[in-house]
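As provided, query-v1.txt (compact mmCIF, C-alpha atoms and all ligand atoms) reads as follows.
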# COMPACT_ATOMS: atom_id res chain seq x y z
CA MET A 1 87.12 104.55 87.35
CA ASN A 2 87.51 107.22 90.00
CA THR A 3 84.94 109.64 88.63
CA PRO A 4 82.74 111.00 91.39
CA LYS A 5 79.43 110.37 89.64
CA TYR A 6 78.42 107.43 91.74
CA THR A 7 75.07 106.81 93.20
CA GLU A 8 74.55 104.31 95.95
CA THR A 9 74.14 100.76 94.75
CA THR A 10 71.99 98.59 96.93
CA THR A 11 71.91 94.92 96.13
CA ALA A 12 73.74 92.83 93.61
CA SER A 13 71.78 92.61 90.41
CA MET A 14 69.91 89.37 89.98
CA SER A 15 70.06 87.78 86.59
CA GLU A 16 67.58 85.30 85.21
CA TYR A 17 68.71 82.32 87.28
CA ASN A 18 68.29 82.02 91.02
CA ARG A 19 71.75 83.16 91.95
CA ARG A 20 71.00 83.31 95.66
CA LYS A 21 70.04 79.66 95.76
CA GLU A 22 73.20 78.57 93.95
CA VAL A 23 75.34 80.76 96.17
CA GLU A 24 73.74 79.25 99.26
CA ALA A 25 74.36 75.73 97.99
CA PHE A 26 78.01 76.59 97.34
CA ASP A 27 78.36 78.15 100.80
CA ALA A 28 76.77 75.13 102.45
CA THR A 29 79.53 72.84 101.14
CA LYS A 30 81.96 74.76 103.44
CA SER A 31 84.74 73.57 101.21
CA GLY A 32 85.08 76.59 98.96
CA VAL A 33 86.45 76.78 95.44
CA LYS A 34 89.02 74.15 96.33
CA GLY A 35 86.16 71.74 97.02
CA LEU A 36 84.85 72.26 93.48
CA VAL A 37 88.26 71.67 91.96
CA ASP A 38 88.81 68.57 94.12
CA ALA A 39 85.48 67.26 92.84
CA GLY A 40 86.92 67.44 89.33
CA ILE A 41 84.77 70.11 87.69
CA THR A 42 85.85 71.13 84.20
CA LYS A 43 83.48 74.07 83.76
CA ILE A 44 83.06 76.83 86.29
CA PRO A 45 79.61 77.10 87.91
CA ARG A 46 77.73 80.16 86.64
CA ILE A 47 77.92 82.04 89.93
CA PHE A 48 81.59 82.56 89.03
CA VAL A 49 81.00 83.76 85.47
CA HIS A 50 82.12 87.35 85.18
CA GLU A 51 80.34 88.76 82.12
CA GLU A 52 82.04 92.15 82.30
CA TYR A 53 85.48 90.58 82.46
CA ILE A 54 84.68 88.29 79.53
CA ARG A 55 83.83 91.34 77.42
CA GLU A 56 86.82 93.35 78.61
CA ASP A 57 89.75 94.18 76.36
CA LYS A 58 92.48 92.18 78.14
CA ALA A 59 95.39 94.41 77.05
CA VAL A 60 97.67 95.41 79.89
CA SER A 61 99.95 98.40 80.17
CA ASP A 62 103.69 97.82 79.74
CA LEU A 63 104.50 100.00 82.74
CA SER A 64 105.71 98.49 86.01
CA VAL A 65 105.01 99.51 89.57
CA PRO A 66 107.76 101.52 91.31
CA VAL A 67 110.37 99.51 93.21
CA ILE A 68 111.90 101.04 96.32
CA ASP A 69 115.08 99.64 97.82
CA LEU A 70 115.00 100.06 101.58
CA GLY A 71 118.48 98.59 101.97
CA SER A 72 120.16 102.00 101.93
CA LEU A 73 117.70 103.71 104.26
CA SER A 74 120.29 104.78 106.81
CA ASN A 75 122.35 106.82 104.35
CA ASN A 76 119.75 107.61 101.71
CA ARG A 77 116.64 108.48 103.69
CA GLY A 78 115.81 111.74 101.92
CA GLU A 79 115.82 110.17 98.50
CA ILE A 80 113.78 107.19 99.64
CA ILE A 81 111.19 109.53 101.14
CA ASP A 82 110.95 111.29 97.76
CA GLN A 83 110.45 107.95 96.02
CA VAL A 84 107.76 106.92 98.50
CA ARG A 85 105.94 110.24 98.06
CA ALA A 86 106.00 109.96 94.26
CA ALA A 87 104.86 106.32 94.35
CA CYS A 88 101.95 107.10 96.69
CA GLU A 89 100.83 110.14 94.73
CA GLU A 90 101.09 108.54 91.32
CA TRP A 91 100.37 104.87 91.93
CA GLY A 92 99.13 104.10 95.43
CA VAL A 93 101.36 101.01 95.35
CA PHE A 94 105.05 100.22 95.34
CA LYS A 95 107.26 97.22 95.76
CA ILE A 96 109.82 97.17 98.52
CA VAL A 97 113.03 95.15 98.42
CA ASN A 98 115.69 94.70 101.09
CA HIS A 99 113.05 95.38 103.71
CA GLY A 100 114.65 93.08 106.26
CA ILE A 101 112.14 90.21 106.44
CA PRO A 102 114.09 87.00 105.85
CA LYS A 103 113.03 84.98 102.81
CA SER A 104 112.71 81.96 105.07
CA SER A 105 109.96 83.66 107.14
CA MET A 106 108.08 84.60 104.01
CA SER A 107 108.25 81.12 102.56
CA LYS A 108 107.24 79.54 105.88
CA ALA A 109 104.17 81.82 105.96
CA MET A 110 103.25 80.82 102.39
CA GLU A 111 103.73 77.14 103.20
CA ALA A 112 101.51 77.50 106.26
CA VAL A 113 98.74 79.05 104.15
CA LYS A 114 99.03 76.26 101.59
CA GLY A 115 99.01 73.72 104.39
CA PHE A 116 95.88 75.20 105.95
CA HIS A 117 93.91 75.16 102.71
CA GLU A 118 95.14 71.70 101.74
CA GLN A 119 94.54 69.97 105.04
CA ASP A 120 91.75 67.52 105.58
CA THR A 121 88.41 69.20 104.74
CA GLU A 122 86.69 68.21 107.98
CA THR A 123 89.33 69.93 110.11
CA LYS A 124 89.23 73.02 107.91
CA LYS A 125 85.43 73.22 108.07
CA GLN A 126 85.54 73.95 111.79
CA TYR A 127 86.77 77.42 110.90
CA TYR A 128 84.22 78.07 108.12
CA SER A 129 82.20 81.11 109.13
CA ARG A 130 80.89 84.54 108.11
CA ASP A 131 81.01 85.93 111.64
CA TYR A 132 83.60 88.67 111.21
CA LEU A 133 83.85 89.28 114.92
CA LYS A 134 85.73 85.99 115.14
CA LYS A 135 89.50 86.18 115.12
CA VAL A 136 89.90 83.22 112.82
CA VAL A 137 87.56 82.91 109.85
CA TYR A 138 87.86 80.64 106.82
CA ASN A 139 85.45 81.01 103.92
CA SER A 140 85.19 81.59 100.21
CA ASN A 141 84.43 85.18 99.15
CA PHE A 142 83.87 87.32 102.25
CA ASP A 143 81.24 89.15 100.17
CA LEU A 144 79.59 86.05 98.70
CA TYR A 145 76.07 87.35 99.39
CA THR A 146 76.60 90.95 98.26
CA ASN A 147 78.89 90.66 95.26
CA ALA A 148 77.15 90.19 91.89
CA VAL A 149 79.89 87.71 90.88
CA THR A 150 81.73 85.12 92.92
CA ASN A 151 85.52 85.09 92.75
CA TRP A 152 87.78 82.07 92.27
CA ARG A 153 89.32 82.20 95.71
CA ASP A 154 89.17 80.83 99.25
CA SER A 155 90.57 82.76 102.20
CA LEU A 156 91.51 82.49 105.82
CA TYR A 157 91.28 85.73 107.79
CA LEU A 158 93.05 86.36 111.07
CA ILE A 159 92.64 89.32 113.40
CA MET A 160 96.11 89.75 114.92
CA ALA A 161 95.76 93.06 116.84
CA PRO A 162 94.73 94.97 118.92
CA ASP A 163 93.52 91.88 120.71
CA PRO A 164 95.53 88.98 119.32
CA PRO A 165 94.24 85.43 119.24
CA THR A 166 95.72 83.08 121.77
CA PRO A 167 98.05 80.53 120.21
CA GLN A 168 95.33 77.92 120.83
CA GLU A 169 92.83 79.89 118.75
CA LEU A 170 95.08 79.77 115.70
CA PRO A 171 94.99 76.68 113.51
CA GLN A 172 97.94 74.61 114.62
CA ILE A 173 99.63 74.61 111.25
CA PHE A 174 99.68 78.36 111.43
CA ARG A 175 100.81 79.33 114.86
CA ASP A 176 104.52 79.89 114.65
CA PRO A 177 104.94 80.94 111.01
CA MET A 178 102.06 83.43 111.04
CA MET A 179 102.96 84.94 114.42
CA GLU A 180 106.52 85.35 113.16
CA PHE A 181 105.59 86.81 109.77
CA SER A 182 103.04 89.24 111.16
CA GLU A 183 105.50 90.50 113.79
CA GLN A 184 108.08 91.14 111.08
CA ALA A 185 105.57 92.71 108.69
CA LYS A 186 104.40 94.96 111.51
CA ASN A 187 107.93 96.20 112.13
CA VAL A 188 108.52 96.89 108.44
CA GLY A 189 105.13 98.58 108.33
CA ILE A 190 105.90 100.93 111.18
CA GLY A 191 109.02 101.98 109.27
CA VAL A 192 106.91 102.62 106.15
CA PHE A 193 104.45 104.73 108.18
CA GLU A 194 107.45 106.83 109.23
CA LEU A 195 108.49 107.34 105.62
CA LEU A 196 104.93 108.24 104.63
CA SER A 197 104.62 110.73 107.49
CA GLU A 198 107.90 112.36 106.54
CA ALA A 199 106.85 112.38 102.88
CA LEU A 200 103.97 114.61 103.94
CA GLY A 201 106.23 116.92 105.92
CA LEU A 202 104.96 115.57 109.23
CA LYS A 203 106.80 114.29 112.27
CA LYS A 204 108.17 110.80 111.64
CA SER A 205 105.88 109.26 114.24
CA HIS A 206 102.73 111.09 113.14
CA MET A 207 100.81 108.19 111.59
CA PHE A 208 101.88 105.78 114.30
CA ASP A 209 100.87 108.28 117.00
CA MET A 210 97.44 108.80 115.47
CA GLY A 211 96.85 105.05 115.71
CA CYS A 212 97.37 103.80 112.16
CA ALA A 213 99.14 100.68 113.40
CA ILE A 214 96.60 99.63 116.05
CA GLY A 215 94.68 97.10 114.00
CA GLU A 216 96.40 94.18 112.29
CA PHE A 217 94.71 91.74 109.97
CA LEU A 218 95.95 88.87 107.82
CA ALA A 219 94.20 87.68 104.67
CA CYS A 220 95.59 84.34 103.57
CA ASN A 221 94.36 83.64 100.05
CA TYR A 222 94.28 80.40 98.09
CA TYR A 223 93.45 80.54 94.37
CA PRO A 224 92.98 77.02 92.99
CA ALA A 225 93.91 76.41 89.34
CA CYS A 226 90.86 77.42 87.30
CA PRO A 227 89.55 75.32 84.38
CA GLU A 228 88.16 78.43 82.60
CA PRO A 229 90.39 81.33 83.63
CA ASP A 230 89.10 83.67 80.92
CA LYS A 231 85.62 83.68 82.43
CA THR A 232 86.25 84.67 86.03
CA LEU A 233 88.59 86.55 88.33
CA GLY A 234 90.53 85.37 91.36
CA PHE A 235 89.77 88.65 93.11
CA GLY A 236 87.72 91.38 91.41
CA SER A 237 88.84 94.98 91.26
CA HIS A 238 88.87 96.54 94.71
CA THR A 239 90.66 98.84 97.09
CA ASP A 240 91.80 97.63 100.51
CA SER A 241 89.86 99.26 103.32
CA GLY A 242 92.74 99.75 105.77
CA PHE A 243 95.71 102.10 105.91
CA LEU A 244 98.39 99.93 104.34
CA THR A 245 98.65 96.39 103.00
CA PHE A 246 101.89 94.41 102.71
CA LEU A 247 101.33 91.69 100.15
CA LEU A 248 103.34 88.58 99.64
CA GLN A 249 102.56 86.59 96.48
CA ASP A 250 104.01 83.34 95.16
CA GLU A 251 105.49 82.66 91.72
CA ILE A 252 102.19 82.03 89.86
CA GLY A 253 101.35 85.67 89.14
CA GLY A 254 98.01 87.23 88.22
CA LEU A 255 98.05 90.36 90.37
CA GLN A 256 97.25 93.62 88.56
CA VAL A 257 97.09 97.24 89.65
CA LEU A 258 95.03 99.99 88.03
CA HIS A 259 97.14 102.93 86.93
CA LYS A 260 95.73 105.76 84.82
CA ASP A 261 92.76 103.58 83.88
CA GLN A 262 94.92 100.73 82.62
CA TRP A 263 95.72 97.43 84.28
CA VAL A 264 99.39 96.88 85.02
CA ASP A 265 100.75 93.41 85.78
CA VAL A 266 102.59 92.99 89.05
CA PRO A 267 104.78 89.98 88.28
CA PRO A 268 106.09 87.96 91.20
CA SER A 269 109.54 88.93 92.39
CA PRO A 270 110.75 86.64 95.14
CA GLY A 271 111.65 88.37 98.36
CA SER A 272 109.78 91.59 97.58
CA LEU A 273 106.60 92.86 99.23
CA LEU A 274 103.96 94.96 97.53
CA VAL A 275 102.81 97.91 99.63
CA ILE A 276 99.25 98.99 98.81
CA SER A 277 97.75 102.23 100.06
CA GLY A 278 94.23 101.67 101.32
CA ASP A 279 91.05 103.68 101.84
CA MET A 280 91.96 104.81 105.34
CA MET A 281 95.25 106.17 103.99
CA GLU A 282 93.33 108.10 101.36
CA LEU A 283 90.98 109.40 104.05
CA ILE A 284 93.68 110.64 106.45
CA THR A 285 95.79 112.21 103.69
CA ASN A 286 92.70 113.93 102.24
CA ALA A 287 93.22 112.02 98.98
CA ARG A 288 96.83 113.06 98.49
CA PHE A 289 97.76 109.37 98.71
CA LYS A 290 95.02 107.51 96.86
CA SER A 291 93.91 103.99 97.61
CA ALA A 292 94.90 101.75 94.72
CA TYR A 293 92.53 99.53 92.78
CA HIS A 294 93.93 96.06 92.26
CA ARG A 295 92.68 92.62 91.28
CA VAL A 296 93.85 89.07 90.64
CA VAL A 297 93.16 87.33 87.34
CA ALA A 298 92.48 83.60 87.42
CA LYS A 299 95.00 81.12 86.02
CA ASN A 300 94.81 77.56 84.86
CA SER A 301 97.93 76.85 86.86
CA GLY A 302 98.10 76.88 90.60
CA PRO A 303 97.20 76.92 93.36
CA ARG A 304 98.32 80.51 93.80
CA ILE A 305 98.97 81.62 97.37
CA SER A 306 99.14 85.12 98.78
CA VAL A 307 99.38 86.60 102.24
CA ALA A 308 98.20 90.15 102.87
CA PHE A 309 99.23 91.76 106.14
CA VAL A 310 96.96 94.76 106.61
CA PHE A 311 96.95 97.62 109.09
CA ARG A 312 93.22 97.72 109.37
CA MET A 313 90.47 98.08 111.92
CA HIS A 314 87.83 95.54 112.87
CA LEU A 315 84.16 95.59 113.65
CA ALA A 316 82.67 97.30 116.71
CA GLY A 317 83.62 95.66 119.96
CA SER A 318 87.20 94.96 118.95
CA GLY A 319 88.80 98.07 120.43
CA CYS A 320 88.82 100.09 117.22
CA SER A 321 86.43 102.93 118.00
CA ARG A 322 88.95 105.76 117.60
CA LEU A 323 88.03 108.47 115.08
CA TYR A 324 90.17 109.08 111.99
CA GLY A 325 89.86 112.06 109.72
CA PRO A 326 91.96 114.08 107.29
CA ILE A 327 95.19 115.10 109.10
CA LYS A 328 94.70 118.70 110.27
CA GLU A 329 98.25 119.76 109.31
CA LEU A 330 97.50 118.91 105.68
CA LEU A 331 94.33 120.98 105.46
CA SER A 332 94.06 124.61 104.42
CA GLU A 333 91.62 126.96 102.78
CA ASN A 334 92.70 125.59 99.43
CA ASN A 335 92.65 122.03 100.66
CA PRO A 336 89.45 121.64 102.66
CA PRO A 337 88.54 118.19 104.01
CA ILE A 338 87.04 115.87 101.41
CA TYR A 339 86.08 113.18 103.89
CA ARG A 340 84.37 113.25 107.23
CA GLU A 341 85.90 111.73 110.32
CA ALA A 342 85.04 108.09 110.72
CA LYS A 343 85.71 105.26 113.09
CA GLY A 344 87.83 102.48 111.67
CA GLU A 345 85.09 100.05 112.59
CA GLU A 346 82.58 102.02 110.48
CA ILE A 347 84.72 101.76 107.38
CA VAL A 348 85.20 98.03 107.87
CA ALA A 349 81.49 97.53 108.55
CA CYS A 350 80.73 99.38 105.32
CA ARG A 351 83.11 97.08 103.39
CA TYR A 352 81.46 93.98 104.84
CA ALA A 353 77.98 95.34 104.11
CA LYS A 354 78.73 96.39 100.55
CA GLY A 355 81.40 93.91 99.49
CA ILE A 356 83.62 94.85 96.59
CA GLU A 357 81.23 96.76 94.39
CA LYS A 358 81.54 99.54 91.86
CA THR A 359 80.90 102.37 94.28
CA PRO A 360 84.23 103.29 95.89
CA LEU A 361 84.11 102.59 99.62
CA LEU A 362 85.15 106.16 100.42
CA TRP A 363 82.20 107.57 98.52
CA TYR A 364 80.14 106.81 101.60
CA PHE A 365 82.45 108.99 103.71
CA LYS A 366 82.59 112.02 101.41
CA LEU A 367 81.54 115.34 102.86
CA ASN A 368 80.06 116.88 99.73
CA LYS A 369 78.46 114.31 97.50
CA PRO A 370 77.30 115.57 94.11
C1 LIG A 401 93.72 91.27 99.17
C2 LIG A 401 94.32 91.21 97.83
C3 LIG A 401 95.77 90.15 96.27
C4 LIG A 401 96.47 88.85 96.08
O1 LIG A 401 93.84 90.27 99.91
O2 LIG A 401 93.11 92.30 99.49
O3 LIG A 401 94.15 92.13 97.08
O4 LIG A 401 97.46 88.84 95.37
N1 LIG A 401 95.07 90.16 97.50
O5 LIG A 401 96.00 87.85 96.60
NI NI A 402 93.37 93.80 98.10
In structure tokens, write the structure found in this file.
Amino acid sequence: MNTPKYTETTTASMSEYNRRKEVEAFDATKSGVKGLVDAGITKIPRIFVHEEYIREDKAVSDLSVPVIDLGSLSNNRGEIIDQVRAACEEWGVFKIVNHGIPKSSMSKAMEAVKGFHEQDTETKKQYYSRDYLKKVVYNSNFDLYTNAVTNWRDSLYLIMAPDPPTPQELPQIFRDPMMEFSEQAKNVGIGVFELLSEALGLKKSHMFDMGCAIGEFLACNYYPACPEPDKTLGFGSHTDSGFLTFLLQDEIGGLQVLHKDQWVDVPPSPGSLLVISGDMMELITNARFKSAYHRVVAKNSGPRISVAFVFRMHLAGSGCSRLYGPIKELLSENNPPIYREAKGEEIVACRYAKGIEKTPLLWYFKLNKP
């Protein structure tokens, strides 16, 4: 999957039916996948049919993602740093337990997401938009018009930093729980950046000082129960575009991570958070820490809820014009830069323009393309 032989893909391939028209009609309902399920459909509309997934061998690996216990950080720091380094080099993801965020904050955040998606449709529609400069955006499939297949998911996206929304801008149901959860996730995240910096032999504050924690973003996903889960995906295979994602998932399951070309299930484990290394992490570490491909399979049970807190930049105009490139201290004659320097906003703009497609996002930022 990570072979470098990619050429630029332009538009989603059009099959025999008028996909664009059906996508537009779906978008115009402003009520997402949940709206379809509420209307009682028993077959998924063809814009959701994922031919490649249908043909795929569904076997999963019996490995499990590394679990790192942060509870003993004060007397076991060296060993934890070694674990973090190994997890980032080999997997690009790891679970953290005993990270300090109270279970009650996590469940309040999940409840708030459920509440948002399940509130009265007319109220929810006010937030329906594809204007990613807005701090609060609700829609189904951020890449609806670029992706060749539509995913079985609705989302609410919140830009939390550098310029946070005022409490009034946040949907009421969200204010306190999301402010609280994102503050706590941010604090845990800053601690993880320290471990990652130390894992690379850098000063503890290196990643923070270079601005990895400037941008904060929340993706609040709602995956309705799917009547034909073998034909579609909740979230197709993708990498996250930011530095680090802290993912909270409920008890339904369905999340998978790609490891050595095989999908590995990430079963729910209450209280844990999944840390996912993103494209900007791969860029600044010159691919020592790879961004991890992950996806969510659809289920006939649900709804499934997840909250992703992401250290990520936003589009131009949102205070994210700083340049990021491979960390100089990591480069040498034998380890020349693979990626060019890029503004965070450029990487995000590229993700919005391309959607989640086969070409890895970082391919566009490579210095020497074959
Ligand atoms: C994401 C993501 C996975 C999930 O929001 O980028 O990968 O479990 N979410 O919802
Ligand atoms: Ni993701």
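When only C-alpha atoms and all ligand atoms are used to measure the gap to ligand LIG 401 (chain A), the shortest distance among A:Asn300, A:Ser155, A:Thr29, A:Asn334 belongs to A:Ser155.
Distance check against Gly253 in chain A using all atoms listed in the file: of A:Gly271, A:Asn368, A:Ser301, A:Thr232, the minimum falls on A:Ser301.
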Handout entry: Selection as an NGL selection string: residues within 12 Å of (117.2, 98.2, 101.9), counting only C-alpha atoms
Key = :A and (67-77 or 80 or 95-101 or 188 or 191-192 or 271-272)
Problem - Coordinates-based distance that separates CA of Asp240 in chain A from CA of Met281 in chain A (Å, one decimal) - result: 9.8 Å
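Remark: for ligand NI 402 (chain A), the closest of the candidate residues A:Gly236, A:Pro171, A:Gly317, A:Pro102 is A:Gly236 (distances computed over all atoms listed in the file).
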Exercise for the section: Pick out the residues sitting within 9 Å of Ser291 in chain A, and hand them over as a list in words; count all atoms listed in the file, and ignore anything fewer than 3 positions along from it in its own chain. Expected result: Cys88, Trp91, Gly92, Val93, Thr239, Asp240, Ser241, Phe243, Ile276, Ser277, Gly278, Asp279, Met280, Met281, Glu282, Leu283 and Ala287 of chain A
With C-alpha atoms retained, export the selected residues as a CSV table (one decimal), keeping the file's coordinate frame.
chain,number,residue,atom,x,y,z
A,88,CYS,CA,102.0,107.1,96.7
A,91,TRP,CA,100.4,104.9,91.9
A,92,GLY,CA,99.1,104.1,95.4
A,93,VAL,CA,101.4,101.0,95.4
A,239,THR,CA,90.7,98.8,97.1
A,240,ASP,CA,91.8,97.6,100.5
A,241,SER,CA,89.9,99.3,103.3
A,243,PHE,CA,95.7,102.1,105.9
A,276,ILE,CA,99.2,99.0,98.8
A,277,SER,CA,97.8,102.2,100.1
A,278,GLY,CA,94.2,101.7,101.3
A,279,ASP,CA,91.0,103.7,101.8
A,280,MET,CA,92.0,104.8,105.3
A,281,MET,CA,95.2,106.2,104.0
A,282,GLU,CA,93.3,108.1,101.4
A,283,LEU,CA,91.0,109.4,104.0
A,287,ALA,CA,93.2,112.0,99.0
Exercise for the section: Step by step, measure atom-to-atom distances between ligand NI 402 (chain A) and each residue using all atoms listed in the file, keep those at most 10 Å, then write them as an MDAnalysis selection string. Expected result: chainID A and resid 219 235:242 245:247 255 257 276:278 292:296 308 310 356
